[in-house]
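Just protein.txt here, compact mmCIF, C-alpha atoms:
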```txt
# COMPACT_ATOMS: atom_id res chain seq x y z
CA MET A 1 258.45 84.56 119.17
CA PHE A 2 256.65 87.87 119.68
CA ASN A 3 255.08 89.23 116.48
CA PHE A 4 254.59 92.96 116.96
CA ASP A 5 252.53 93.49 113.78
CA SER A 6 250.20 90.60 114.63
CA GLU A 7 249.61 91.91 118.18
CA VAL A 8 248.82 95.40 116.86
CA ASP A 9 246.36 94.00 114.30
CA GLN A 10 244.66 91.98 117.01
CA ALA A 11 244.39 94.99 119.32
CA LEU A 12 242.92 97.15 116.56
CA THR A 13 240.38 94.46 115.69
CA GLN A 14 239.35 94.14 119.33
CA LEU A 15 239.04 97.95 119.67
CA HIS A 16 236.90 98.09 116.54
CA THR A 17 234.51 95.41 117.79
CA GLN A 18 234.20 97.15 121.18
CA ARG A 19 233.57 100.59 119.70
CA PRO A 20 230.15 101.91 120.84
CA LYS A 21 227.50 101.73 118.17
CA ARG A 22 226.34 105.28 117.43
CA SER A 23 223.07 104.36 115.71
CA GLY A 24 220.27 101.90 116.19
CA THR A 25 216.58 101.21 115.60
CA LEU A 26 213.46 102.16 117.53
CA VAL A 27 211.56 99.01 118.52
CA ARG A 28 208.89 100.08 120.99
CA LEU A 29 206.90 103.02 122.44
CA VAL A 30 205.37 102.55 125.91
CA GLY A 31 203.67 105.64 127.30
CA LEU A 32 206.39 108.30 127.42
CA ARG A 33 209.21 105.80 126.95
CA LEU A 34 210.93 104.97 123.68
CA GLU A 35 212.94 101.76 123.41
CA ALA A 36 215.80 101.29 120.94
CA ARG A 37 218.23 98.50 120.14
CA GLY A 38 221.45 98.24 118.21
CA ILE A 39 222.82 101.42 119.78
CA MET A 40 225.13 102.04 122.74
CA ALA A 41 224.77 105.32 124.62
CA PRO A 42 225.26 106.36 128.25
CA VAL A 43 222.51 107.71 130.49
CA GLY A 44 222.15 111.44 129.80
CA ALA A 45 223.12 111.19 126.14
CA CYS A 46 221.08 113.20 123.64
CA CYS A 47 219.81 111.26 120.62
CA GLU A 48 217.98 112.03 117.41
CA VAL A 49 215.06 109.85 116.30
CA LEU A 50 214.25 110.03 112.58
CA GLY A 51 210.92 108.60 111.46
CA GLN A 52 209.14 108.26 108.15
CA GLY A 53 208.42 111.37 106.11
CA GLY A 54 211.33 113.24 107.67
CA HIS A 55 209.75 113.48 111.14
CA ARG A 56 212.54 114.19 113.60
CA ILE A 57 212.56 114.49 117.39
CA GLU A 58 215.23 114.62 120.05
CA ALA A 59 215.28 112.38 123.09
CA GLU A 60 217.47 111.73 126.11
CA VAL A 61 218.71 108.36 127.35
CA VAL A 62 217.18 107.82 130.79
CA GLY A 63 217.90 104.13 131.35
CA PHE A 64 218.76 100.76 129.82
CA ALA A 65 218.17 97.03 130.25
CA ASP A 66 220.33 94.41 128.56
CA ASN A 67 220.68 95.51 124.92
CA THR A 68 217.77 97.98 125.04
CA ILE A 69 218.11 101.66 125.89
CA TYR A 70 215.22 103.76 127.18
CA LEU A 71 214.73 107.27 125.82
CA MET A 72 212.41 110.10 126.86
CA PRO A 73 211.44 112.43 123.98
CA PHE A 74 211.67 116.22 124.23
CA SER A 75 208.38 116.56 122.32
CA GLU A 76 205.41 114.47 121.27
CA PRO A 77 206.62 111.46 119.21
CA VAL A 78 204.25 112.22 116.32
CA GLY A 79 205.29 110.53 113.07
CA ILE A 80 207.68 108.14 114.82
CA GLY A 81 207.06 104.44 114.39
CA PRO A 82 208.77 101.02 114.65
CA GLY A 83 212.02 100.89 112.75
CA ALA A 84 212.77 104.60 113.09
CA SER A 85 216.50 105.24 113.19
CA VAL A 86 218.15 106.48 116.37
CA ARG A 87 221.58 108.10 116.49
CA VAL A 88 223.64 109.73 119.22
CA ILE A 89 224.07 113.52 118.98
CA SER A 90 226.05 114.06 122.18
CA GLU A 91 226.98 111.80 125.07
CA SER A 92 226.30 114.31 127.87
CA GLY A 93 224.27 117.44 128.49
CA HIS A 94 226.05 120.78 128.59
CA ALA A 95 225.17 124.47 128.88
CA ASP A 96 226.48 127.51 127.01
CA LEU A 97 227.31 130.16 129.61
CA GLY A 98 228.40 133.77 129.61
CA ASP A 99 227.45 137.32 130.56
CA GLU A 100 225.40 137.40 127.35
CA LEU A 101 222.67 135.51 129.26
CA LEU A 102 221.85 138.56 131.40
CA GLY A 103 218.50 140.06 130.52
CA ARG A 104 217.47 137.00 128.51
CA VAL A 105 214.67 134.44 128.73
CA ILE A 106 215.71 130.96 127.56
CA ASP A 107 214.29 127.45 127.57
CA ALA A 108 215.76 124.24 128.97
CA GLN A 109 218.04 123.81 125.94
CA GLY A 110 219.36 127.36 126.05
CA GLU A 111 217.23 128.50 123.11
CA PRO A 112 215.77 132.03 123.35
CA LEU A 113 212.11 132.54 124.23
CA ASP A 114 212.19 136.34 124.03
CA GLY A 115 212.36 136.64 120.23
CA LYS A 116 215.99 137.74 120.25
CA PRO A 117 218.99 135.93 118.71
CA LYS A 118 220.53 133.08 120.66
CA PRO A 119 223.06 134.34 123.25
CA ALA A 120 226.59 134.11 121.83
CA CYS A 121 228.11 132.38 124.87
CA THR A 122 231.59 130.89 124.64
CA THR A 123 231.88 128.90 127.89
CA LYS A 124 230.57 125.34 128.02
CA LEU A 125 229.96 123.43 131.24
CA GLY A 126 228.24 120.16 132.09
CA LEU A 127 224.67 120.49 133.32
CA LEU A 128 225.41 118.54 136.50
CA GLY A 129 228.16 120.94 137.60
CA LEU A 130 231.10 120.04 139.83
CA PRO A 131 230.56 119.08 143.49
CA LEU A 132 232.18 121.29 146.13
CA ASN A 133 234.21 119.88 148.99
CA PRO A 134 232.17 120.81 152.10
CA MET A 135 235.37 121.74 153.91
CA GLU A 136 236.15 124.33 151.22
CA ARG A 137 232.84 126.15 151.44
CA GLY A 138 232.87 129.58 153.03
CA PRO A 139 230.68 130.29 156.08
CA ILE A 140 227.26 131.98 155.93
CA ASN A 141 228.12 135.11 157.92
CA ARG A 142 226.70 138.02 155.89
CA VAL A 143 223.09 139.20 156.12
CA LEU A 144 221.06 139.21 152.90
CA ASP A 145 218.63 142.14 152.75
CA VAL A 146 215.47 140.84 151.04
CA GLY A 147 213.33 143.95 151.55
CA VAL A 148 210.53 142.05 153.35
CA LYS A 149 210.13 143.11 157.00
CA ALA A 150 208.85 139.81 158.35
CA ILE A 151 211.88 137.98 156.89
CA ASN A 152 214.52 140.64 157.52
CA GLY A 153 213.47 141.10 161.12
CA LEU A 154 212.33 137.67 162.31
CA LEU A 155 213.69 135.12 159.80
CA THR A 156 216.96 136.80 158.84
CA LEU A 157 218.64 135.18 155.84
CA GLY A 158 222.34 135.01 155.04
CA ARG A 159 224.13 135.12 151.70
CA GLY A 160 224.50 131.51 150.59
CA GLN A 161 221.55 130.17 152.55
CA ARG A 162 219.06 127.67 151.04
CA VAL A 163 215.44 128.33 152.00
CA GLY A 164 212.10 126.77 151.17
CA LEU A 165 209.01 128.88 150.53
CA VAL A 166 206.31 126.39 151.56
CA ALA A 167 202.70 127.09 150.62
CA GLY A 168 199.49 125.61 149.33
CA SER A 169 197.79 127.05 146.27
CA GLY A 170 196.36 130.55 146.38
CA VAL A 171 198.04 131.91 149.52
CA GLY A 172 200.32 134.51 147.94
CA LYS A 173 203.38 132.46 147.06
CA SER A 174 203.90 134.14 143.68
CA VAL A 175 203.40 137.61 145.15
CA LEU A 176 206.01 137.01 147.86
CA LEU A 177 208.38 135.54 145.28
CA GLY A 178 207.95 138.72 143.23
CA MET A 179 208.73 140.88 146.28
CA LEU A 180 211.91 138.90 146.93
CA THR A 181 212.92 139.28 143.28
CA ARG A 182 212.45 143.06 143.26
CA PHE A 183 213.78 143.99 146.69
CA THR A 184 216.65 141.55 147.40
CA LYS A 185 220.09 143.16 147.18
CA ALA A 186 221.97 140.71 144.95
CA ASP A 187 224.36 141.12 142.02
CA ILE A 188 222.62 138.57 139.77
CA VAL A 189 219.17 136.98 139.88
CA VAL A 190 218.68 133.55 138.25
CA ILE A 191 215.07 132.43 137.99
CA GLY A 192 213.89 128.93 137.09
CA LEU A 193 210.17 128.78 136.24
CA ILE A 194 209.67 125.04 136.10
CA GLY A 195 206.41 123.20 135.61
CA GLU A 196 204.18 126.21 136.18
CA ARG A 197 201.44 127.59 133.91
CA GLY A 198 202.74 129.13 130.69
CA ARG A 199 200.71 132.28 131.31
CA GLU A 200 202.68 132.92 134.50
CA VAL A 201 206.00 133.07 132.64
CA GLN A 202 205.08 136.21 130.70
CA ALA A 203 203.26 137.74 133.67
CA PHE A 204 206.26 137.17 135.94
CA ILE A 205 208.67 138.76 133.48
CA ASN A 206 206.53 141.76 132.52
CA GLU A 207 204.78 142.51 135.81
CA THR A 208 207.08 141.17 138.51
CA LEU A 209 210.56 141.70 137.08
CA GLY A 210 210.04 144.60 134.69
CA PRO A 211 212.80 145.96 132.43
CA GLU A 212 215.01 147.07 135.35
CA GLY A 213 214.83 143.72 137.14
CA LEU A 214 215.30 141.71 133.94
CA ALA A 215 218.52 143.60 133.14
CA LYS A 216 220.38 141.77 135.94
CA ALA A 217 218.44 138.51 135.67
CA VAL A 218 218.50 135.26 133.70
CA VAL A 219 215.16 133.49 133.32
CA ILE A 220 214.96 129.78 132.44
CA ALA A 221 211.40 128.69 131.64
CA ALA A 222 210.03 125.16 131.19
CA PRO A 223 206.24 125.30 131.65
CA ALA A 224 203.99 122.39 132.53
CA ASN A 225 203.24 121.42 128.93
CA VAL A 226 206.82 120.47 128.01
CA SER A 227 208.44 117.06 128.40
CA PRO A 228 209.46 116.01 131.94
CA VAL A 229 213.02 115.61 130.62
CA LEU A 230 213.08 119.28 129.62
CA ARG A 231 211.65 120.34 132.98
CA LEU A 232 214.42 118.43 134.71
CA LYS A 233 217.04 119.88 132.36
CA ALA A 234 215.71 123.37 133.15
CA ALA A 235 216.31 122.75 136.86
CA HIS A 236 219.91 121.68 136.19
CA LEU A 237 220.42 124.61 133.79
CA THR A 238 219.16 127.06 136.43
CA HIS A 239 221.72 125.75 138.90
CA VAL A 240 224.66 125.70 136.49
CA VAL A 241 223.94 129.31 135.40
CA ALA A 242 223.90 130.35 139.07
CA GLU A 243 227.14 128.44 139.67
CA TYR A 244 228.79 130.18 136.72
CA PHE A 245 228.11 133.65 138.12
CA ARG A 246 228.95 132.57 141.68
CA ASP A 247 232.37 131.39 140.54
CA GLN A 248 232.96 134.91 139.19
CA GLY A 249 232.62 136.19 142.76
CA LYS A 250 229.03 137.41 142.40
CA ASP A 251 226.34 137.19 145.06
CA VAL A 252 223.57 135.36 143.22
CA LEU A 253 219.91 135.07 144.19
CA MET A 254 218.47 131.88 142.67
CA LEU A 255 214.71 131.39 142.66
CA VAL A 256 213.29 128.01 141.64
CA ASP A 257 209.53 127.86 141.19
CA SER A 258 208.92 125.14 142.02
CA LEU A 259 210.93 122.33 143.60
CA THR A 260 207.77 120.23 143.75
CA ARG A 261 207.35 120.38 139.95
CA VAL A 262 210.97 119.24 139.57
CA ALA A 263 210.09 116.25 141.75
CA HIS A 264 207.01 115.60 139.62
CA ALA A 265 209.17 115.58 136.46
CA GLN A 266 211.57 113.05 137.98
CA ARG A 267 208.60 110.98 139.13
CA GLU A 268 207.25 110.82 135.57
CA ILE A 269 210.64 109.73 134.26
CA GLY A 270 211.24 107.19 137.03
CA LEU A 271 207.86 105.54 136.68
CA ALA A 272 208.19 105.46 132.88
CA ILE A 273 211.41 103.42 133.06
CA GLY A 274 210.03 101.01 135.65
CA GLU A 275 211.14 102.36 139.04
CA PRO A 276 208.96 101.14 141.93
CA PRO A 277 206.69 103.82 143.44
CA THR A 278 207.16 104.53 147.15
CA SER A 279 205.66 107.33 149.26
CA LYS A 280 202.79 109.02 147.35
CA GLY A 281 203.95 107.39 144.13
CA TYR A 282 207.41 109.00 144.17
CA PRO A 283 210.20 106.59 143.10
CA PRO A 284 213.52 106.47 144.99
CA SER A 285 215.29 108.60 142.36
CA VAL A 286 213.26 111.65 143.46
CA PHE A 287 214.62 111.46 147.00
CA ALA A 288 218.16 111.18 145.62
CA LEU A 289 217.73 114.07 143.17
CA LEU A 290 216.44 116.82 145.47
CA PRO A 291 219.31 116.86 148.03
CA ASN A 292 221.84 116.80 145.17
CA LEU A 293 220.18 119.84 143.58
CA ILE A 294 219.96 121.74 146.85
CA GLU A 295 223.63 121.08 147.71
CA ARG A 296 224.70 122.85 144.51
CA ALA A 297 223.66 126.19 146.03
CA GLY A 298 225.45 127.93 148.89
CA VAL A 299 228.68 129.84 149.50
CA GLY A 300 231.50 129.20 147.03
CA ARG A 301 235.01 127.98 147.72
CA HIS A 302 236.59 129.89 150.62
CA GLY A 303 233.75 132.45 150.58
CA PHE A 304 234.26 133.38 146.93
CA GLY A 305 230.77 134.27 145.66
CA SER A 306 227.48 132.83 146.89
CA ILE A 307 224.18 131.40 145.70
CA THR A 308 221.27 132.21 147.98
CA ALA A 309 218.58 129.76 146.87
CA ILE A 310 214.85 130.13 147.45
CA TYR A 311 212.85 127.08 146.40
CA THR A 312 209.07 127.20 146.37
CA VAL A 313 207.55 123.98 147.69
CA LEU A 314 203.87 123.20 147.12
CA ALA A 315 202.14 121.74 150.16
CA GLU A 316 199.42 119.83 148.32
CA GLY A 317 196.16 120.15 150.24
CA ASP A 318 198.07 122.28 152.81
CA ASP A 319 199.71 119.04 153.98
CA GLY A 320 202.85 119.94 155.90
CA ASN A 321 203.84 116.26 155.96
CA ASP A 322 203.87 115.82 152.17
CA PRO A 323 207.02 113.80 151.30
CA ILE A 324 208.48 116.60 149.15
CA VAL A 325 207.82 119.18 151.89
CA ASP A 326 209.42 116.81 154.38
CA ILE A 327 212.61 116.19 152.38
CA ALA A 328 212.91 119.90 151.57
CA ARG A 329 212.59 120.78 155.24
CA ALA A 330 215.32 118.27 156.10
CA SER A 331 217.71 119.42 153.34
CA LEU A 332 217.32 123.21 153.47
CA ASP A 333 218.69 125.80 155.89
CA GLY A 334 215.23 126.99 156.86
CA GLN A 335 211.71 127.49 155.59
CA VAL A 336 209.14 130.26 155.29
CA MET A 337 205.66 128.83 155.77
CA LEU A 338 202.64 130.62 154.32
CA SER A 339 199.28 130.30 156.07
CA ARG A 340 195.92 130.05 154.31
CA LYS A 341 194.24 131.34 157.47
CA LEU A 342 196.29 134.54 157.35
CA ALA A 343 195.71 134.92 153.61
CA ASP A 344 191.95 134.57 154.13
CA ALA A 345 192.19 137.41 156.66
CA ALA A 346 193.95 139.62 154.03
CA HIS A 347 197.20 139.47 156.01
CA TYR A 348 199.92 139.73 153.35
CA PRO A 349 202.53 138.41 153.07
CA ALA A 350 200.81 135.50 154.82
CA ILE A 351 203.96 134.33 156.65
CA ASP A 352 203.22 131.94 159.50
CA LEU A 353 205.90 132.52 162.14
CA THR A 354 204.86 129.37 164.00
CA GLY A 355 206.21 127.03 161.33
CA SER A 356 208.96 129.24 159.87
CA ILE A 357 212.62 129.21 160.83
CA SER A 358 216.03 130.42 159.67
CA ARG A 359 218.70 127.99 160.86
CA VAL A 360 221.60 130.43 160.48
CA MET A 361 219.93 133.49 162.01
CA GLN A 362 221.86 133.20 165.28
CA ASN A 363 225.13 133.54 163.34
CA LEU A 364 224.06 136.76 161.64
CA LEU A 365 222.57 138.98 164.35
CA SER A 366 223.88 140.65 167.47
CA PRO A 367 222.68 139.14 170.77
CA THR A 368 220.38 142.12 171.31
CA ASP A 369 218.69 141.90 167.90
CA LEU A 370 218.36 138.12 168.21
CA LYS A 371 216.73 138.50 171.63
CA LEU A 372 214.24 141.05 170.28
CA ALA A 373 213.33 138.82 167.33
CA ASN A 374 212.82 135.80 169.58
CA ARG A 375 210.75 137.90 171.99
CA PHE A 376 208.50 139.03 169.12
CA ARG A 377 208.04 135.44 167.93
CA ARG A 378 207.21 134.24 171.44
CA LEU A 379 204.55 136.90 172.01
CA TRP A 380 203.02 136.26 168.59
CA SER A 381 202.90 132.49 169.23
CA LEU A 382 201.40 132.94 172.71
CA TYR A 383 198.59 135.02 171.27
CA GLN A 384 197.95 132.44 168.54
CA GLN A 385 197.82 129.63 171.11
CA ASN A 386 195.29 131.47 173.29
CA VAL A 387 193.33 133.33 170.62
CA ASP A 388 190.12 131.34 171.20
CA LEU A 389 190.11 132.09 174.94
CA ILE A 390 190.86 135.76 174.30
CA GLN A 391 188.16 136.22 171.66
CA VAL A 392 185.36 134.62 173.72
CA GLY A 393 186.38 136.59 176.82
CA ALA A 394 187.43 133.52 178.83
CA TYR A 395 190.92 134.87 179.47
CA GLN A 396 191.18 137.11 182.54
CA SER A 397 193.64 139.99 182.33
CA GLY A 398 196.49 139.61 184.82
CA THR A 399 196.56 135.81 184.65
CA ASN A 400 199.76 135.76 182.57
CA ALA A 401 202.03 138.79 182.10
CA GLU A 402 203.34 137.64 178.71
CA ILE A 403 199.87 137.03 177.31
CA ASP A 404 198.82 140.45 178.60
CA GLN A 405 201.72 142.01 176.70
CA ALA A 406 200.86 139.99 173.59
CA ILE A 407 197.30 141.32 173.69
CA VAL A 408 198.55 144.91 174.04
CA LEU A 409 201.05 144.56 171.16
CA ARG A 410 198.83 142.45 168.91
CA GLU A 411 197.77 145.20 166.48
CA THR A 412 201.25 146.73 166.38
CA MET A 413 202.84 143.37 165.63
CA GLU A 414 200.31 142.70 162.87
CA ARG A 415 201.09 146.07 161.23
CA PHE A 416 204.79 145.18 161.39
CA LEU A 417 204.25 141.85 159.63
CA CYS A 418 201.99 143.22 156.87
CA GLN A 419 203.61 144.95 153.90
CA ASP A 420 202.55 146.35 150.56
CA MET A 421 203.81 144.24 147.67
CA TYR A 422 205.30 147.27 145.88
CA ALA A 423 207.07 148.82 148.90
CA GLY A 424 210.35 147.33 150.08
CA VAL A 425 211.77 147.97 153.57
CA ASP A 426 215.51 147.59 154.00
CA GLU A 427 217.16 145.65 156.79
CA SER A 428 218.36 148.64 158.85
CA ASN A 429 214.90 150.25 158.94
CA THR A 430 213.39 146.90 159.87
CA ARG A 431 215.75 146.60 162.85
CA THR A 432 214.86 150.12 163.98
CA ASP A 433 211.11 149.44 163.75
CA LEU A 434 211.51 146.18 165.65
CA ARG A 435 213.48 147.83 168.48
CA VAL A 436 210.86 150.59 168.83
CA LEU A 437 208.01 148.07 168.82
CA MET A 438 209.49 145.71 171.42
CA GLU A 439 210.62 148.48 173.76
CA LEU A 440 207.07 149.85 174.16
```
Output the file's structure as structure tokens, nothing else.
Amino acid sequence: MFNFDSEVDQALTQLHTQRPKRSGTLVRLVGLRLEARGIMAPVGACCEVLGQGGHRIEAEVVGFADNTIYLMPFSEPVGIGPGASVRVISESGHADLGDELLGRVIDAQGEPLDGKPKPACTTKLGLLGLPLNPMERGPINRVLDVGVKAINGLLTLGRGQRVGLVAGSGVGKSVLLGMLTRFTKADIVVIGLIGERGREVQAFINETLGPEGLAKAVVIAAPANVSPVLRLKAAHLTHVVAEYFRDQGKDVLMLVDSLTRVAHAQREIGLAIGEPPTSKGYPPSVFALLPNLIERAGVGRHGFGSITAIYTVLAEGDDGNDPIVDIARASLDGQVMLSRKLADAAHYPAIDLTGSISRVMQNLLSPTDLKLANRFRRLWSLYQQNVDLIQVGAYQSGTNAEIDQAIVLRETMERFLCQDMYAGVDESNTRTDLRVLMEL
């Protein structure tokens, strides 16, 4: 005979025994990794570790094995030893979002860095966002005016495009990024300064953005000296802030400096929890993370709002085949390559047309403007390919009509590509200058 009360008691007992344990004990510290037992928490959960003498740090669950969970601390684990108690604070990361973020500088946890009170945001969203159905995305069919002649004229970008700014160290990457920040015509600018020098954060805000630029911007900063978990959280926070404003119908410019440092943060985490290193020491999780991040940008559902994303990518040792450069090139809608040779010749911005491309340019320009841009690129490339012969006098005029024209237009083309960092040139004036130049 069925005993209802007995069945209920049994079910409640079983539920109680299966209830996740919210606290446990720290048993081991290996490098950056903390290990705890007696606690059940999902990957991504935020925990508090309480050591002797009241020392307290926060950490995130980054992996597990059997009955042991692996945590990565947000700060140095000073004062934390064996037997420290670990308890779950929240089971998933979230962000506080709202218009109150405009004009503010915050860290990876949403705390203010500008000395002002914490933004009183009322909307909460998960850091990982919600994936968009690719069939619901709107097309990239509107030109984005970035105020840089070489890009407007020859590498035209569209609203919702994802582009890599690929450069080695010391070739003007930060200067070009500043020009794009000041001159691009966007409703909102979201800037993620991830893994860079702390000095550059203040310099970028005060010198590059200025009060007028900061008024329509949100800056998320996680410099190189913070935990890799916080650097990775800053990358996700940058994207979810951009997604929030995009879903309000805004055209958002998102700048992430740099995608390479995001990969480095994931590499530190992956190696700490025992992932096998692959190409250049990067574990497999890095190559899964970057495309997922990049796919969060773009045009919103049915063309409602857009995120135009510019990711800086560091070509270590000017190696164009670096694995991070390679995966960025494969995942993005184009790249702007910077050349050390041009930078050494004081040619700024040092954009190398030979390796740069915009994969949606043909959808944005009229056939005439596209033909002029391609003609310019061809003449520039022909000159670069034959520059040694031309400079030593081995090339005879009249041998090739296109090379002859490239030699004649060389100085004019160089003046077109060079631009003062404080003077923007809009897209319509760029088109006019390009037509005049190529019709000579």
Could you state the separation of CA of Gly129 (chain A) and CA of Ala315 (chain A) in Å, given to one decimal place?
-> 28.9 Å
Test item: residues at most 7 Å from Ile191 (chain A), all atoms listed in the file, excluding those fewer than 2 positions along its chain, as a ChimeraX atom specification | /A:189,193,218-220,238,254-256
Given only C-alpha atoms as the counted atoms, nearest of A:Leu154, A:Ala423, A:Val148, A:Pro228 to Ile357 (chain A) |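 Looking at the shortest contact to Ile357 (chain A), the residue is A:Leu154.
The closest residue to Ser169 (chain A), picked from A:Arg182, A:Arg375, A:Arg340, A:Arg410 and counting all atoms listed in the file, is A:Arg340.
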Show which residues sit within 7 Å of region 328-335 of chain A, as a PyMOL selection string. Count all atoms listed in the file, and ignore same-chain residues fewer than 5 positions away.
-> chain A and resi 161-166+291+356-359
Could you pull the residues within 12 Å of Ser258 (chain A), counting all atoms listed in the file, minus those fewer than 4 positions along the same chain, as a ChimeraX atom specification?
-> /A:164-168,173-174,177,191-197,221-224,231-232,234-235,238,254,262-265,290,309-315,324-325,328
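Here CA of Asp369 (chain A) is placed at a distance of 15.4 Å from CA of Asp426 (chain A).
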Write out as number ranges by chain each polymer residue whose atoms come within 10 Å of Ser381 (chain A), counting all atoms listed in the file; drop sequence neighbours fewer than 4 positions from it.
-> A: 352-354, 375-377, 385-387, 403, 406
If we count only C-alpha atoms, what is near Val78 (chain A) at a cut-off of 10 Å, once residues fewer than 6 positions away on the same chain are taken out, given as a list in words?
->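 The filter keeps Gly51, His55, Arg56 and Ile57 of chain A.
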So which one's closest to Met72 (chain A), A:Leu434, A:Leu230, A:Leu289, A:Leu97? Using only C-alpha atoms, please.
->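 Nearest candidate to Met72 (chain A) out of A:Leu434, A:Leu230, A:Leu289, A:Leu97: A:Leu230.
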Quick one, how far is CA of Glu207 (chain A) from CA of Ile294 (chain A)?
->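 If I compute the distance from CA of Glu207 (chain A) to CA of Ile294 (chain A), I get 28.0 Å.
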In terms of the shortest atom-to-atom distance over all atoms listed in the file, which of A:Met438, A:Met361, A:Val425, A:Ala108 is closest to Gln405 (chain A)?
-> A:Met438
Of the candidates A:Glu243, A:Asp322, A:Asp99, A:Glu136, which shows the shortest atom-to-atom distance to Ala217 (chain A), using all atoms listed in the file?
->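 Once distances to Ala217 (chain A) are computed over all atoms listed in the file, the minimum belongs to A:Asp99.
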Nearest to Asp404 (chain A): which of A:Ile80, A:Leu382, A:Ile205, A:Val286 is it, counting all atoms listed in the file?
-> A:Leu382
Output requested as a PDB file, in the coordinates of the input - region 197-215 of chain A, filled out with N, CA and C atoms.
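In the end it all went to result14.pdb:
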```pdb
ATOM      1  N   ARG A 197     202.276 127.239 135.059  1.00  0.00           N
ATOM      2  CA  ARG A 197     201.440 127.590 133.910  1.00  0.00           C
ATOM      3  C   ARG A 197     202.201 128.526 132.972  1.00  0.00           C
ATOM      4  N   GLY A 198     202.043 128.302 131.667  1.00  0.00           N
ATOM      5  CA  GLY A 198     202.740 129.130 130.690  1.00  0.00           C
ATOM      6  C   GLY A 198     202.377 130.598 130.795  1.00  0.00           C
ATOM      7  N   ARG A 199     201.138 130.888 131.169  1.00  0.00           N
ATOM      8  CA  ARG A 199     200.710 132.280 131.310  1.00  0.00           C
ATOM      9  C   ARG A 199     201.536 133.016 132.359  1.00  0.00           C
ATOM     10  N   GLU A 200     201.958 132.282 133.404  1.00  0.00           N
ATOM     11  CA  GLU A 200     202.680 132.920 134.500  1.00  0.00           C
ATOM     12  C   GLU A 200     204.081 133.351 134.096  1.00  0.00           C
ATOM     13  N   VAL A 201     204.644 132.713 133.065  1.00  0.00           N
ATOM     14  CA  VAL A 201     206.000 133.070 132.640  1.00  0.00           C
ATOM     15  C   VAL A 201     206.023 134.511 132.155  1.00  0.00           C
ATOM     16  N   GLN A 202     205.119 134.851 131.227  1.00  0.00           N
ATOM     17  CA  GLN A 202     205.080 136.210 130.700  1.00  0.00           C
ATOM     18  C   GLN A 202     204.676 137.205 131.768  1.00  0.00           C
ATOM     19  N   ALA A 203     203.701 136.834 132.611  1.00  0.00           N
ATOM     20  CA  ALA A 203     203.260 137.740 133.670  1.00  0.00           C
ATOM     21  C   ALA A 203     204.388 138.023 134.657  1.00  0.00           C
ATOM     22  N   PHE A 204     205.164 136.983 134.991  1.00  0.00           N
ATOM     23  CA  PHE A 204     206.260 137.170 135.940  1.00  0.00           C
ATOM     24  C   PHE A 204     207.323 138.105 135.371  1.00  0.00           C
ATOM     25  N   ILE A 205     207.628 137.945 134.096  1.00  0.00           N
ATOM     26  CA  ILE A 205     208.670 138.760 133.480  1.00  0.00           C
ATOM     27  C   ILE A 205     208.221 140.208 133.309  1.00  0.00           C
ATOM     28  N   ASN A 206     206.996 140.400 132.821  1.00  0.00           N
ATOM     29  CA  ASN A 206     206.530 141.760 132.520  1.00  0.00           C
ATOM     30  C   ASN A 206     206.079 142.509 133.764  1.00  0.00           C
ATOM     31  N   GLU A 207     205.377 141.825 134.672  1.00  0.00           N
ATOM     32  CA  GLU A 207     204.780 142.510 135.810  1.00  0.00           C
ATOM     33  C   GLU A 207     205.660 142.463 137.058  1.00  0.00           C
ATOM     34  N   THR A 208     206.301 141.319 137.291  1.00  0.00           N
ATOM     35  CA  THR A 208     207.080 141.170 138.510  1.00  0.00           C
ATOM     36  C   THR A 208     208.504 141.713 138.348  1.00  0.00           C
ATOM     37  N   LEU A 209     209.182 141.258 137.290  1.00  0.00           N
ATOM     38  CA  LEU A 209     210.560 141.700 137.080  1.00  0.00           C
ATOM     39  C   LEU A 209     210.612 143.114 136.517  1.00  0.00           C
ATOM     40  N   GLY A 210     209.947 143.323 135.381  1.00  0.00           N
ATOM     41  CA  GLY A 210     210.040 144.600 134.690  1.00  0.00           C
ATOM     42  C   GLY A 210     211.385 144.751 134.003  1.00  0.00           C
ATOM     43  N   PRO A 211     211.540 145.779 133.180  1.00  0.00           N
ATOM     44  CA  PRO A 211     212.800 145.960 132.430  1.00  0.00           C
ATOM     45  C   PRO A 211     214.010 146.116 133.337  1.00  0.00           C
ATOM     46  N   GLU A 212     213.859 146.848 134.449  1.00  0.00           N
ATOM     47  CA  GLU A 212     215.010 147.070 135.350  1.00  0.00           C
ATOM     48  C   GLU A 212     215.446 145.786 136.023  1.00  0.00           C
ATOM     49  N   GLY A 213     214.476 144.979 136.487  1.00  0.00           N
ATOM     50  CA  GLY A 213     214.830 143.720 137.140  1.00  0.00           C
ATOM     51  C   GLY A 213     215.385 142.706 136.166  1.00  0.00           C
ATOM     52  N   LEU A 214     214.846 142.683 134.935  1.00  0.00           N
ATOM     53  CA  LEU A 214     215.300 141.710 133.940  1.00  0.00           C
ATOM     54  C   LEU A 214     216.738 141.979 133.508  1.00  0.00           C
ATOM     55  N   ALA A 215     217.174 143.230 133.601  1.00  0.00           N
ATOM     56  CA  ALA A 215     218.520 143.600 133.140  1.00  0.00           C
ATOM     57  C   ALA A 215     219.607 142.834 133.892  1.00  0.00           C
TER      58      ALA A 215
END
```
